[in-house]
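S.K.: Contents of data25.txt (compact mmCIF, C-alpha atoms):
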# COMPACT_ATOMS: atom_id res chain seq x y z
CA MET N 1 0.00 0.00 0.00
CA GLN N 2 2.79 2.41 1.00
CA GLN N 3 4.65 1.50 -2.21
CA ARG N 4 1.54 2.35 -4.25
CA ILE N 5 1.22 5.73 -2.52
CA ASN N 6 4.90 6.44 -3.22
CA LYS N 7 4.43 5.50 -6.87
CA ALA N 8 1.39 7.78 -7.16
CA SER N 9 3.30 10.60 -5.46
CA THR N 10 6.21 10.08 -7.83
CA ILE N 11 3.98 10.20 -10.91
CA ALA N 12 2.17 13.26 -9.54
CA PHE N 13 5.46 14.97 -8.75
CA ILE N 14 6.91 14.35 -12.21
CA SER N 15 3.65 15.47 -13.82
CA ILE N 16 3.63 18.67 -11.79
CA LEU N 17 7.23 19.38 -12.76
CA ALA N 18 6.46 18.72 -16.44
CA ALA N 19 3.41 21.00 -16.29
CA LEU N 20 5.43 23.64 -14.47
CA CYS N 21 8.20 23.42 -17.07
CA LEU N 22 5.75 23.97 -19.90
CA ALA N 23 3.84 26.70 -18.07
CA ILE N 24 7.08 28.62 -17.43
CA GLN N 25 8.29 27.99 -21.00
CA LEU N 26 5.03 29.39 -22.37
CA ALA N 27 4.78 32.32 -19.95
CA PRO N 28 6.07 35.76 -20.97
CA ARG N 29 9.66 35.93 -19.73
CA LEU N 30 13.13 37.06 -20.67
CA PRO N 31 14.48 34.94 -23.52
CA ASN N 32 16.53 32.01 -22.24
CA VAL N 33 15.66 32.48 -18.59
CA GLU N 34 14.09 29.10 -17.85
CA PHE N 35 13.67 26.39 -15.22
CA THR N 36 13.29 23.40 -17.52
CA SER N 37 17.00 22.54 -17.26
CA LEU N 38 16.83 22.61 -13.47
CA PHE N 39 13.68 20.49 -13.32
CA THR N 40 15.07 18.00 -15.82
CA PHE N 41 18.36 17.76 -13.94
CA THR N 42 16.44 17.32 -10.70
CA VAL N 43 14.20 14.59 -12.12
CA GLY N 44 17.34 12.81 -13.36
CA PHE N 45 18.99 13.26 -9.96
CA ILE N 46 16.02 11.86 -8.04
CA PHE N 47 14.67 9.19 -10.37
CA GLY N 48 17.72 8.24 -12.41
CA SER N 49 19.20 8.91 -15.83
CA ILE N 50 16.54 7.14 -17.88
CA ILE N 51 13.58 8.98 -16.32
CA GLY N 52 15.55 12.25 -16.42
CA GLY N 53 16.41 11.78 -20.09
CA LEU N 54 12.83 10.91 -21.02
CA PHE N 55 11.51 13.84 -19.02
CA GLY N 56 13.84 16.33 -20.74
CA GLY N 57 13.09 14.95 -24.19
CA PHE N 58 9.34 14.96 -23.60
CA VAL N 59 9.21 18.52 -22.24
CA MET N 60 11.20 19.87 -25.18
CA PHE N 61 9.05 17.88 -27.61
CA VAL N 62 5.87 19.53 -26.31
CA ASN N 63 7.59 22.90 -25.97
CA GLY N 64 8.70 22.64 -29.60
CA PHE N 65 5.07 22.87 -30.70
CA LEU N 66 3.77 25.37 -28.18
CA SER N 67 6.68 27.76 -27.65
CA PRO N 68 5.78 31.46 -27.96
CA TRP N 69 8.97 31.77 -30.09
CA GLY N 70 7.30 29.59 -32.70
CA PHE N 71 7.52 25.98 -33.86
CA ALA N 72 11.01 24.64 -33.17
CA GLY N 73 11.08 22.83 -36.52
CA LEU N 74 14.38 21.28 -37.43
CA ASN N 75 15.92 22.36 -34.14
CA MET N 76 13.47 20.26 -32.11
CA PRO N 77 15.51 17.02 -32.15
CA PHE N 78 18.57 18.97 -31.02
CA GLN N 79 16.59 20.61 -28.21
CA MET N 80 15.18 17.25 -27.15
CA ALA N 81 18.55 15.51 -27.27
CA SER N 82 20.37 18.20 -25.33
CA MET N 83 17.66 18.50 -22.65
CA ALA N 84 17.60 14.71 -22.38
CA LEU N 85 21.37 14.87 -21.86
CA ILE N 86 20.83 17.21 -18.90
CA GLY N 87 18.45 14.67 -17.36
CA VAL N 88 20.89 11.84 -17.95
CA VAL N 89 23.75 13.80 -16.38
CA GLY N 90 21.48 14.55 -13.40
CA GLY N 91 21.13 10.78 -12.88
CA PHE N 92 24.87 10.22 -13.11
CA TYR N 93 25.61 13.13 -10.84
CA ARG N 94 23.62 11.58 -8.03
CA LYS N 95 26.19 8.78 -7.85
CA PHE N 96 28.98 11.27 -7.27
CA ALA N 97 27.17 13.94 -5.24
CA ARG N 98 28.16 14.30 -1.63
CA GLY N 99 27.58 16.75 1.23
CA ILE N 100 24.29 17.69 -0.38
CA SER N 101 23.65 20.78 1.74
CA SER N 102 27.21 22.12 1.89
CA ALA N 103 28.32 25.37 0.26
CA ASN N 104 30.75 23.39 -1.90
CA PHE N 105 27.89 21.28 -3.19
CA LEU N 106 25.84 24.36 -4.10
CA ALA N 107 28.82 25.88 -5.94
CA GLU N 108 29.44 22.57 -7.68
CA VAL N 109 25.83 22.35 -8.85
CA ALA N 110 25.96 25.97 -10.05
CA VAL N 111 29.06 25.25 -12.16
CA LEU N 112 27.50 22.03 -13.43
CA GLY N 113 24.39 24.04 -14.37
CA ALA N 114 26.54 26.51 -16.29
CA PHE N 115 28.39 23.70 -18.04
CA LEU N 116 25.22 21.82 -19.02
CA THR N 117 23.62 25.05 -20.24
CA THR N 118 26.68 25.78 -22.38
CA LEU N 119 26.47 22.27 -23.78
CA TYR N 120 22.74 22.69 -24.44
CA ASP N 121 23.33 25.98 -26.25
CA LEU N 122 26.19 24.55 -28.33
CA ILE N 123 24.05 21.61 -29.43
CA THR N 124 20.97 23.70 -30.23
CA ASN N 125 23.08 26.33 -32.03
CA PHE N 126 24.52 23.48 -34.04
CA GLY N 127 20.92 22.60 -34.90
CA VAL N 128 20.32 26.17 -36.07
CA ALA N 129 23.49 25.93 -38.19
CA VAL N 130 22.18 22.74 -39.80
CA SER N 131 18.95 24.54 -40.76
CA TYR N 132 21.01 27.42 -42.23
CA ALA N 133 23.10 24.92 -44.15
CA ILE N 134 20.00 23.22 -45.52
CA ALA N 135 18.79 26.66 -46.62
CA GLY N 136 21.95 26.92 -48.74
CA MET N 137 24.56 28.61 -46.56
CA PRO N 138 28.06 27.03 -46.52
CA PHE N 139 28.26 24.92 -43.37
CA ASN N 140 31.30 26.66 -41.80
CA LEU N 141 29.68 30.05 -42.23
CA ALA N 142 26.36 28.68 -40.97
CA LEU N 143 28.06 27.33 -37.85
CA LEU N 144 29.94 30.56 -37.19
CA THR N 145 26.80 32.64 -37.72
CA ALA N 146 24.62 30.43 -35.52
CA LEU N 147 27.17 30.34 -32.71
CA ALA N 148 27.89 34.05 -32.96
CA TYR N 149 24.30 35.25 -32.98
CA GLY N 150 23.38 32.72 -30.30
CA THR N 151 26.06 34.00 -27.93
CA PRO N 152 24.24 36.98 -26.37
CA PHE N 153 21.30 34.68 -25.57
CA SER N 154 23.69 31.99 -24.41
CA ILE N 155 25.34 34.40 -21.96
CA ILE N 156 21.93 35.22 -20.44
CA HIS N 157 21.11 31.51 -20.37
CA VAL N 158 24.36 30.48 -18.68
CA LEU N 159 24.27 33.26 -16.10
CA SER N 160 20.62 32.69 -15.21
CA ASN N 161 21.02 28.91 -15.01
CA THR N 162 24.13 29.24 -12.87
CA ALA N 163 22.03 31.21 -10.41
CA VAL N 164 18.97 28.96 -10.74
CA PHE N 165 20.96 25.73 -10.22
CA GLY N 166 22.99 27.20 -7.37
CA VAL N 167 20.02 28.65 -5.52
CA ALA N 168 17.07 26.38 -6.32
CA PHE N 169 18.45 22.87 -6.73
CA PHE N 170 18.86 22.07 -3.04
CA PRO N 171 15.42 23.43 -1.96
CA LEU N 172 13.84 21.53 -4.86
CA ILE N 173 15.49 18.28 -3.78
CA LYS N 174 14.34 18.90 -0.23
CA THR N 175 10.77 19.59 -1.33
CA ALA N 176 10.75 16.54 -3.56
CA ASN N 177 11.96 14.49 -0.65
CA ILE N 178 8.98 15.60 1.40
CA ILE N 179 6.43 15.11 -1.40
CA ILE N 180 7.50 11.64 -2.47
CA GLY N 181 7.97 10.42 1.05
CA GLY N 182 11.73 10.50 1.38
CA GLY N 183 12.07 7.05 -0.10
CA LYS N 184 13.87 8.02 -3.25
CA ASN N 185 16.36 10.64 -2.21
CA GLY N 186 19.48 9.55 -0.46
CA MET X 1 47.03 19.24 -2.74
CA VAL X 2 43.92 20.21 -4.67
CA GLU X 3 41.24 17.55 -4.75
CA LYS X 4 40.48 15.87 -8.09
CA ARG X 5 36.83 16.84 -7.74
CA THR X 6 37.72 20.51 -7.41
CA LEU X 7 39.93 20.29 -10.48
CA ILE X 8 37.03 18.82 -12.47
CA ILE X 9 34.78 21.70 -11.41
CA ILE X 10 37.47 24.22 -12.33
CA ALA X 11 37.88 22.48 -15.69
CA LEU X 12 34.12 22.66 -16.33
CA ALA X 13 34.05 26.35 -15.40
CA THR X 14 36.99 26.93 -17.75
CA ILE X 15 35.16 25.17 -20.59
CA VAL X 16 32.13 27.40 -19.98
CA TRP X 17 34.33 30.50 -20.02
CA ALA X 18 36.26 29.39 -23.14
CA SER X 19 33.10 28.49 -25.02
CA THR X 20 31.36 31.74 -24.11
CA ALA X 21 34.44 33.83 -24.91
CA THR X 22 34.83 32.10 -28.28
CA GLY X 23 31.18 32.71 -29.09
CA PHE X 24 31.49 36.33 -28.05
CA ALA X 25 34.59 36.74 -30.25
CA ALA X 26 32.67 35.27 -33.20
CA TYR X 27 29.74 37.60 -32.44
CA TYR X 28 32.09 40.58 -32.33
CA TYR X 29 33.84 39.48 -35.54
CA ILE X 30 30.59 39.10 -37.50
CA ASN X 31 29.25 42.43 -36.30
CA PHE X 32 32.57 44.09 -37.11
CA GLN X 33 32.47 42.62 -40.62
CA ASP X 34 28.89 43.89 -41.03
CA LEU X 35 30.01 47.33 -39.91
CA LEU X 36 32.95 47.28 -42.33
CA THR X 37 30.61 46.29 -45.14
CA ALA X 38 28.24 49.13 -44.22
CA ILE X 39 31.01 51.73 -44.22
CA GLY X 40 32.86 50.25 -47.21
CA GLY X 41 35.90 48.92 -45.38
CA ALA X 42 38.34 50.11 -42.75
CA PRO X 43 38.40 53.89 -42.25
CA ILE X 44 40.89 55.78 -44.40
CA LYS X 45 42.90 58.98 -44.02
CA VAL X 46 42.82 61.80 -46.53
CA ASP X 47 44.91 64.94 -46.94
CA VAL X 48 43.13 67.73 -48.81
CA LEU X 49 45.02 70.57 -50.44
CA ILE X 50 43.03 73.63 -51.54
CA ASP X 51 44.97 75.76 -54.02
CA TYR X 52 43.30 79.12 -54.65
CA GLY X 53 45.38 79.79 -57.75
CA ASN X 54 46.86 82.99 -56.32
CA GLY X 55 49.68 81.41 -54.35
CA THR X 56 47.49 80.62 -51.34
CA ARG X 57 47.46 76.91 -50.48
CA GLU X 58 45.68 75.27 -47.57
CA TRP X 59 46.55 71.81 -46.37
CA HIS X 60 44.03 69.85 -44.30
CA ASN X 61 45.88 66.72 -43.27
CA GLY X 62 44.85 63.48 -41.64
CA THR X 63 41.07 63.66 -41.94
CA VAL X 64 39.60 60.25 -41.16
CA LEU X 65 36.67 59.14 -43.33
CA PHE X 66 34.78 55.97 -44.21
CA ALA X 67 36.40 54.09 -47.08
CA ASN X 68 33.33 54.55 -49.26
CA SER X 69 33.57 58.33 -48.89
CA THR X 70 33.98 60.37 -52.05
CA VAL X 71 36.29 63.22 -53.00
CA PHE X 72 33.31 65.50 -52.44
CA ASP X 73 32.86 64.13 -48.90
CA ALA X 74 36.55 64.86 -48.27
CA LEU X 75 36.09 68.45 -49.40
CA LEU X 76 32.99 68.90 -47.23
CA SER X 77 34.86 67.45 -44.26
CA VAL X 78 37.45 70.24 -44.41
CA THR X 79 35.18 73.16 -45.29
CA LYS X 80 31.45 73.70 -45.24
CA ASN X 81 31.70 76.81 -47.38
CA VAL X 82 31.12 75.01 -50.66
CA LYS X 83 28.62 75.68 -53.42
CA PHE X 84 27.88 73.25 -56.19
CA ASP X 85 25.54 72.27 -58.99
CA VAL X 86 24.20 68.77 -59.44
CA TYR X 87 23.94 67.29 -62.92
CA PRO X 88 21.88 64.10 -62.68
CA SER X 89 23.76 62.27 -65.41
CA LEU X 90 27.26 63.44 -64.40
CA GLY X 91 27.26 64.28 -60.73
CA VAL X 92 28.38 67.25 -58.65
CA LEU X 93 30.21 70.25 -60.11
CA VAL X 94 31.79 72.42 -57.42
CA THR X 95 31.22 76.09 -58.26
CA GLU X 96 32.65 77.82 -55.19
CA ILE X 97 35.00 77.04 -52.31
CA ASN X 98 35.47 79.45 -49.41
CA GLY X 99 34.07 82.39 -51.43
CA VAL X 100 36.17 81.76 -54.56
CA LYS X 101 33.73 81.22 -57.44
CA ASN X 102 34.02 79.64 -60.85
CA VAL X 103 34.09 82.34 -63.55
CA GLY X 104 33.97 82.27 -67.33
CA ASN X 105 31.90 80.47 -69.90
CA VAL X 106 31.75 77.11 -71.61
CA THR X 107 34.97 77.62 -73.59
CA SER X 108 37.30 79.32 -71.07
CA GLY X 109 37.53 80.64 -67.55
CA MET X 110 38.65 79.75 -64.02
CA ALA X 111 37.11 76.83 -62.18
CA TRP X 112 37.63 74.38 -59.36
CA MET X 113 39.12 71.09 -60.55
CA TRP X 114 40.14 68.14 -58.43
CA TYR X 115 43.20 65.89 -58.68
CA TYR X 116 44.54 62.90 -56.80
CA TRP X 117 48.14 62.14 -55.93
CA GLU X 118 49.42 58.85 -57.32
CA LYS X 119 52.78 57.64 -58.64
CA GLU X 120 54.53 60.83 -57.52
CA SER X 121 52.29 63.14 -59.57
CA TRP X 122 48.93 64.85 -59.57
CA ASN X 123 46.37 63.07 -61.71
CA TRP X 124 43.27 64.72 -63.06
CA GLY X 125 40.05 63.53 -61.47
CA PRO X 126 38.48 61.11 -63.99
CA GLU X 127 34.87 61.69 -62.90
CA ALA X 128 32.64 63.93 -60.84
CA CYS X 129 33.93 64.43 -57.30
CA ASP X 130 30.87 62.77 -55.74
CA LYS X 131 31.40 59.63 -57.83
CA TYR X 132 35.04 58.93 -57.05
CA ILE X 133 35.48 56.67 -54.00
CA LEU X 134 38.55 57.51 -51.94
CA GLY X 135 39.00 53.88 -50.95
CA LYS X 136 40.29 53.25 -54.51
CA LEU X 137 43.42 55.18 -53.59
CA GLY X 138 44.28 52.99 -50.61
CA PRO X 139 44.28 53.72 -46.89
CA HIS X 140 45.81 57.20 -47.28
CA SER X 141 44.84 59.46 -50.17
CA ILE X 142 45.88 62.97 -51.12
CA ILE X 143 43.43 65.20 -52.96
CA LEU X 144 44.02 68.59 -54.55
CA TRP X 145 41.29 71.12 -55.20
CA ASN X 146 42.83 73.53 -57.65
CA TYR X 147 41.32 76.82 -58.79
CA THR X 148 42.70 76.84 -62.30
CA SER X 149 42.12 78.21 -65.76
CA TYR X 150 40.57 76.17 -68.52
CA SER X 151 39.98 76.59 -72.21
CA TYR X 152 38.44 74.33 -74.81
Would you encode the structure as structure tokens?
M.R.:
Amino acid sequence: MQQRINKASTIAFISILAALCLAIQLAPRLPNVEFTSLFTFTVGFIFGSIIGGLFGGFVMFVNGFLSPWGFAGLNMPFQMASMALIGVVGGFYRKFARGISSANFLAEVAVLGAFLTTLYDLITNFGVAVSYAIAGMPFNLALLTALAYGTPFSIIHVLSNTAVFGVAFFPLIKTANIIIGGGKNG
Amino acid sequence: MVEKRTLIIIALATIVWASTATGFAAYYYINFQDLLTAIGGAPIKVDVLIDYGNGTREWHNGTVLFANSTVFDALLSVTKNVKFDVYPSLGVLVTEINGVKNVGNVTSGMAWMWYYWEKESWNWGPEACDKYILGKLGPHSIILWNYTSYSY
């Protein structure tokens, strides 16, 4: 019975996070200030790499259709893959995380957030370059253009995610621990 | 001894910095190229000599202009006291500089002509002053506005 309650809580928790991700993605906000990366990383951290990866991929799949910035088009697979990667890394990170409430841990998560965001931006900018190349631009120029014009947004993204991961990851883990009954978080 | 874990974090932070800095450099480069295209290339220097034909010569050295600036732009950058006529098919004909006016008729008179310095000599301006791009003369050009007699 307790196991069933935990399972229901887990499903409810993941659903709430997914809904929250999409609601924040669709809400008016500064470009590239988002919580999807944090939620995906957290889901991966709590429930493992596979669930984290699926969560990230799913959220970006839905977001690709509903985003206020328009249909993601050719970039959607890149967005899905890179967000899934964040979820997968979240799962792996759990195996190496230690001193979960220490200042070092918070700094570590902030740097990891910055790194994963950079990786996400590089992959999705690569996706933009591919679409430019398909439109007829030489690939090297397409890559340079996509990376260059993506950089101002990337800087906002990295800075905001550094802060979001550093500040919100630990409280989110703590809250999740309470909601899903403390059985999953070590 | 620094812990391996700390080194990994420092390495990740360095990758973030390097990637962002590279992207920013590319962003700067592309915008700089766009700017250069808009202004016709790197800025150039021009020396303008105004010869009034009575022994008075004025040098205006080291004026910095966009590379797609014309001889006319160079003149206007050193004096605003210029009058001119515009002939749609030919371009601008300067009729007065600093109070010294063209005089005469179609066959003879005194008028303002422009020349450029190349290969150690003054060369007659091949087209209207607002058509000739200074960038053709390289990063540093020398232009003469000469009040001189003409006859045909």
S.K.: Using all atoms listed in the file for the distances, tell me which of X:Trp122, X:Tyr28, X:Tyr132, X:Phe72 is nearest to chain N.
M.R.: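 For chain N, the nearest of the candidates is X:Tyr28.
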S.K.: Could you name the residues that touch stretch 18-21 of chain X at 8 Å or less, counting only C-alpha atoms, but leaving out those on the same chain fewer than 2 positions away, as a short mmCIF file (atom, residue, chain, number, x, y, z; two decimals) with C-alpha atoms, in the frame of the given file?
M.R.:
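Wrote selection.cif, looks like this:
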data_model
loop_
_atom_site.label_atom_id
_atom_site.label_comp_id
_atom_site.auth_asym_id
_atom_site.auth_seq_id
_atom_site.Cartn_x
_atom_site.Cartn_y
_atom_site.Cartn_z
CA THR N 118 26.68 25.78 -22.38
CA THR N 151 26.06 34.00 -27.93
CA SER N 154 23.69 31.99 -24.41
CA ILE N 155 25.34 34.40 -21.96
CA THR X 14 36.99 26.93 -17.75
CA ILE X 15 35.16 25.17 -20.59
CA VAL X 16 32.13 27.40 -19.98
CA GLY X 23 31.18 32.71 -29.09
CA PHE X 24 31.49 36.33 -28.05
CA ALA X 25 34.59 36.74 -30.25
#
S.K.: Just checking: using only C-alpha atoms, which residue out of X:Glu3, X:Asp130, X:Asp51, X:Asp34 ends up closest to X:Ala111?
M.R.: X:Asp51
S.K.: Can you pull out every residue within 12 Å of N:Ala107, counting all atoms listed in the file, but drop anything in the same chain fewer than 5 positions away, and send it as a list in words?
M.R.: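 Listed by chain and then number, they are Gly99, Ile100, Ser101, Ser102, Leu112, Gly113, Ala114, Thr162, Ala163, Val164, Phe165, Gly166, Val167, Ala168, Phe169 and Phe170 of chain N; Thr6, Ile9, Ile10 and Ala13 of chain X.
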S.K.: Write down, as a ChimeraX atom specification, each residue of chain N that has any atom within 9 Å of an atom of chain X, counting only C-alpha atoms.
M.R.: /N:108,111-112,114-119,122,144-145,147-152,154-155,158
S.K.: Neighbours of N:Ile14 within 12 Å (all atoms listed in the file; same-chain residues fewer than 6 positions away dropped), as a PDB file with C-alpha atoms, keeping the file's coordinate frame?
M.R.:
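Generated output (around_37.pdb):
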ATOM      1  CA  LYS N   7       4.430   5.500  -6.870  1.00  0.00           C
ATOM      2  CA  ALA N   8       1.390   7.780  -7.160  1.00  0.00           C
ATOM      3  CA  LEU N  20       5.430  23.640 -14.470  1.00  0.00           C
ATOM      4  CA  CYS N  21       8.200  23.420 -17.070  1.00  0.00           C
ATOM      5  CA  PHE N  39      13.680  20.490 -13.320  1.00  0.00           C
ATOM      6  CA  THR N  40      15.070  18.000 -15.820  1.00  0.00           C
ATOM      7  CA  THR N  42      16.440  17.320 -10.700  1.00  0.00           C
ATOM      8  CA  VAL N  43      14.200  14.590 -12.120  1.00  0.00           C
ATOM      9  CA  GLY N  44      17.340  12.810 -13.360  1.00  0.00           C
ATOM     10  CA  ILE N  46      16.020  11.860  -8.040  1.00  0.00           C
ATOM     11  CA  PHE N  47      14.670   9.190 -10.370  1.00  0.00           C
ATOM     12  CA  ILE N  51      13.580   8.980 -16.320  1.00  0.00           C
ATOM     13  CA  GLY N  52      15.550  12.250 -16.420  1.00  0.00           C
ATOM     14  CA  LEU N  54      12.830  10.910 -21.020  1.00  0.00           C
ATOM     15  CA  PHE N  55      11.510  13.840 -19.020  1.00  0.00           C
ATOM     16  CA  GLY N  56      13.840  16.330 -20.740  1.00  0.00           C
ATOM     17  CA  PHE N  58       9.340  14.960 -23.600  1.00  0.00           C
ATOM     18  CA  VAL N  59       9.210  18.520 -22.240  1.00  0.00           C
ATOM     19  CA  ALA N 176      10.750  16.540  -3.560  1.00  0.00           C
ATOM     20  CA  ILE N 179       6.430  15.110  -1.400  1.00  0.00           C
ATOM     21  CA  ILE N 180       7.500  11.640  -2.470  1.00  0.00           C
TER      22      ILE N 180
END
S.K.: Taking all atoms listed in the file into account, which of X:Lys101, X:Lys80, X:Lys131, X:Lys136 comes nearest X:Ala67?
M.R.: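 Checking each candidate against X:Ala67, we get X:Lys136 as the closest.
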S.K.: Just to confirm, what's the straight-line distance from atom CA of N:Gly48 to atom CA of N:Leu74 in Å (one decimal)?
M.R.: 28.4 Å
S.K.: Give me, please, the distance in Å between atom CA of X:Val94 and atom CA of X:Cys129, quoted to one decimal.
M.R.: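 Atom CA of X:Cys129 lies at a distance of 8.3 Å from atom CA of X:Val94.
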S.K.: Quote the spacing between atom CA of X:Asn54 and atom CA of X:Trp145 in Å to one decimal place.
M.R.: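 About the pair atom CA of X:Asn54 and atom CA of X:Trp145: they are 13.2 Å apart.
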S.K.: Using all atoms listed in the file, find the one residue out of X:Ile133, X:Ile143, X:Val103, X:Val82 that sits nearest to X:Ser121.
M.R.: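 Checking each of X:Ile133, X:Ile143, X:Val103, X:Val82 against X:Ser121, counting all atoms listed in the file, the winner is X:Ile143.
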S.K.: Can you write stretch 22-30 of chain N from the block above with all heavy atoms, as an mmCIF file, in the first residue's frame?
M.R.:
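Contents of the output file out.cif:
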data_model
loop_
_atom_site.group_PDB
_atom_site.id
_atom_site.type_symbol
_atom_site.label_atom_id
_atom_site.label_comp_id
_atom_site.auth_asym_id
_atom_site.auth_seq_id
_atom_site.Cartn_x
_atom_site.Cartn_y
_atom_site.Cartn_z
ATOM 1 N N LEU N 22 6.431 23.457 -18.705
ATOM 2 C CA LEU N 22 5.753 23.967 -19.897
ATOM 3 C C LEU N 22 5.100 25.310 -19.605
ATOM 4 O O LEU N 22 5.162 26.220 -20.432
ATOM 5 C CB LEU N 22 4.713 22.952 -20.380
ATOM 6 C CG LEU N 22 5.348 21.677 -20.944
ATOM 7 C CD1 LEU N 22 4.314 20.591 -21.133
ATOM 8 C CD2 LEU N 22 6.039 21.982 -22.262
ATOM 9 N N ALA N 23 4.496 25.436 -18.412
ATOM 10 C CA ALA N 23 3.845 26.703 -18.071
ATOM 11 C C ALA N 23 4.872 27.834 -18.060
ATOM 12 O O ALA N 23 4.623 28.918 -18.590
ATOM 13 C CB ALA N 23 3.176 26.584 -16.704
ATOM 14 N N ILE N 24 6.049 27.570 -17.489
ATOM 15 C CA ILE N 24 7.080 28.615 -17.433
ATOM 16 C C ILE N 24 7.626 28.898 -18.833
ATOM 17 O O ILE N 24 7.854 30.043 -19.206
ATOM 18 C CB ILE N 24 8.214 28.211 -16.465
ATOM 19 C CG1 ILE N 24 7.671 28.157 -15.043
ATOM 20 C CG2 ILE N 24 9.380 29.196 -16.533
ATOM 21 C CD1 ILE N 24 8.635 27.586 -14.020
ATOM 22 N N GLN N 25 7.789 27.804 -19.628
ATOM 23 C CA GLN N 25 8.288 27.994 -21.004
ATOM 24 C C GLN N 25 7.327 28.861 -21.816
ATOM 25 O O GLN N 25 7.757 29.651 -22.649
ATOM 26 C CB GLN N 25 8.434 26.638 -21.715
ATOM 27 C CG GLN N 25 9.562 25.766 -21.204
ATOM 28 C CD GLN N 25 10.907 26.142 -21.817
ATOM 29 O OE1 GLN N 25 11.194 27.310 -22.012
ATOM 30 N NE2 GLN N 25 11.727 25.167 -22.079
ATOM 31 N N LEU N 26 6.021 28.683 -21.560
ATOM 32 C CA LEU N 26 5.030 29.389 -22.371
ATOM 33 C C LEU N 26 4.697 30.772 -21.815
ATOM 34 O O LEU N 26 4.105 31.592 -22.500
ATOM 35 C CB LEU N 26 3.736 28.568 -22.479
ATOM 36 C CG LEU N 26 3.892 27.147 -23.038
ATOM 37 C CD1 LEU N 26 2.550 26.465 -23.152
ATOM 38 C CD2 LEU N 26 4.583 27.177 -24.392
ATOM 39 N N ALA N 27 5.091 31.023 -20.568
ATOM 40 C CA ALA N 27 4.778 32.317 -19.954
ATOM 41 C C ALA N 27 5.692 33.408 -20.520
ATOM 42 O O ALA N 27 6.804 33.118 -20.951
ATOM 43 C CB ALA N 27 4.975 32.219 -18.447
ATOM 44 N N PRO N 28 5.204 34.660 -20.530
ATOM 45 C CA PRO N 28 6.071 35.764 -20.969
ATOM 46 C C PRO N 28 7.266 35.860 -20.021
ATOM 47 O O PRO N 28 7.094 35.868 -18.802
ATOM 48 C CB PRO N 28 5.174 37.009 -20.843
ATOM 49 C CG PRO N 28 3.790 36.497 -20.692
ATOM 50 C CD PRO N 28 3.879 35.129 -20.115
ATOM 51 N N ARG N 29 8.451 35.895 -20.564
ATOM 52 C CA ARG N 29 9.664 35.932 -19.730
ATOM 53 C C ARG N 29 10.821 36.417 -20.576
ATOM 54 O O ARG N 29 10.715 36.514 -21.805
ATOM 55 C CB ARG N 29 9.974 34.544 -19.175
ATOM 56 C CG ARG N 29 10.258 33.548 -20.257
ATOM 57 C CD ARG N 29 10.254 32.110 -19.811
ATOM 58 N NE ARG N 29 10.115 31.247 -20.965
ATOM 59 C CZ ARG N 29 11.127 30.759 -21.680
ATOM 60 N NH1 ARG N 29 12.362 31.032 -21.336
ATOM 61 N NH2 ARG N 29 10.917 30.006 -22.722
ATOM 62 N N LEU N 30 11.925 36.703 -19.925
ATOM 63 C CA LEU N 30 13.128 37.058 -20.668
ATOM 64 C C LEU N 30 13.567 35.860 -21.494
ATOM 65 O O LEU N 30 13.474 34.728 -21.011
ATOM 66 C CB LEU N 30 14.262 37.415 -19.698
ATOM 67 C CG LEU N 30 14.229 38.803 -19.065
ATOM 68 C CD1 LEU N 30 15.350 38.916 -18.039
ATOM 69 C CD2 LEU N 30 14.407 39.875 -20.119
#
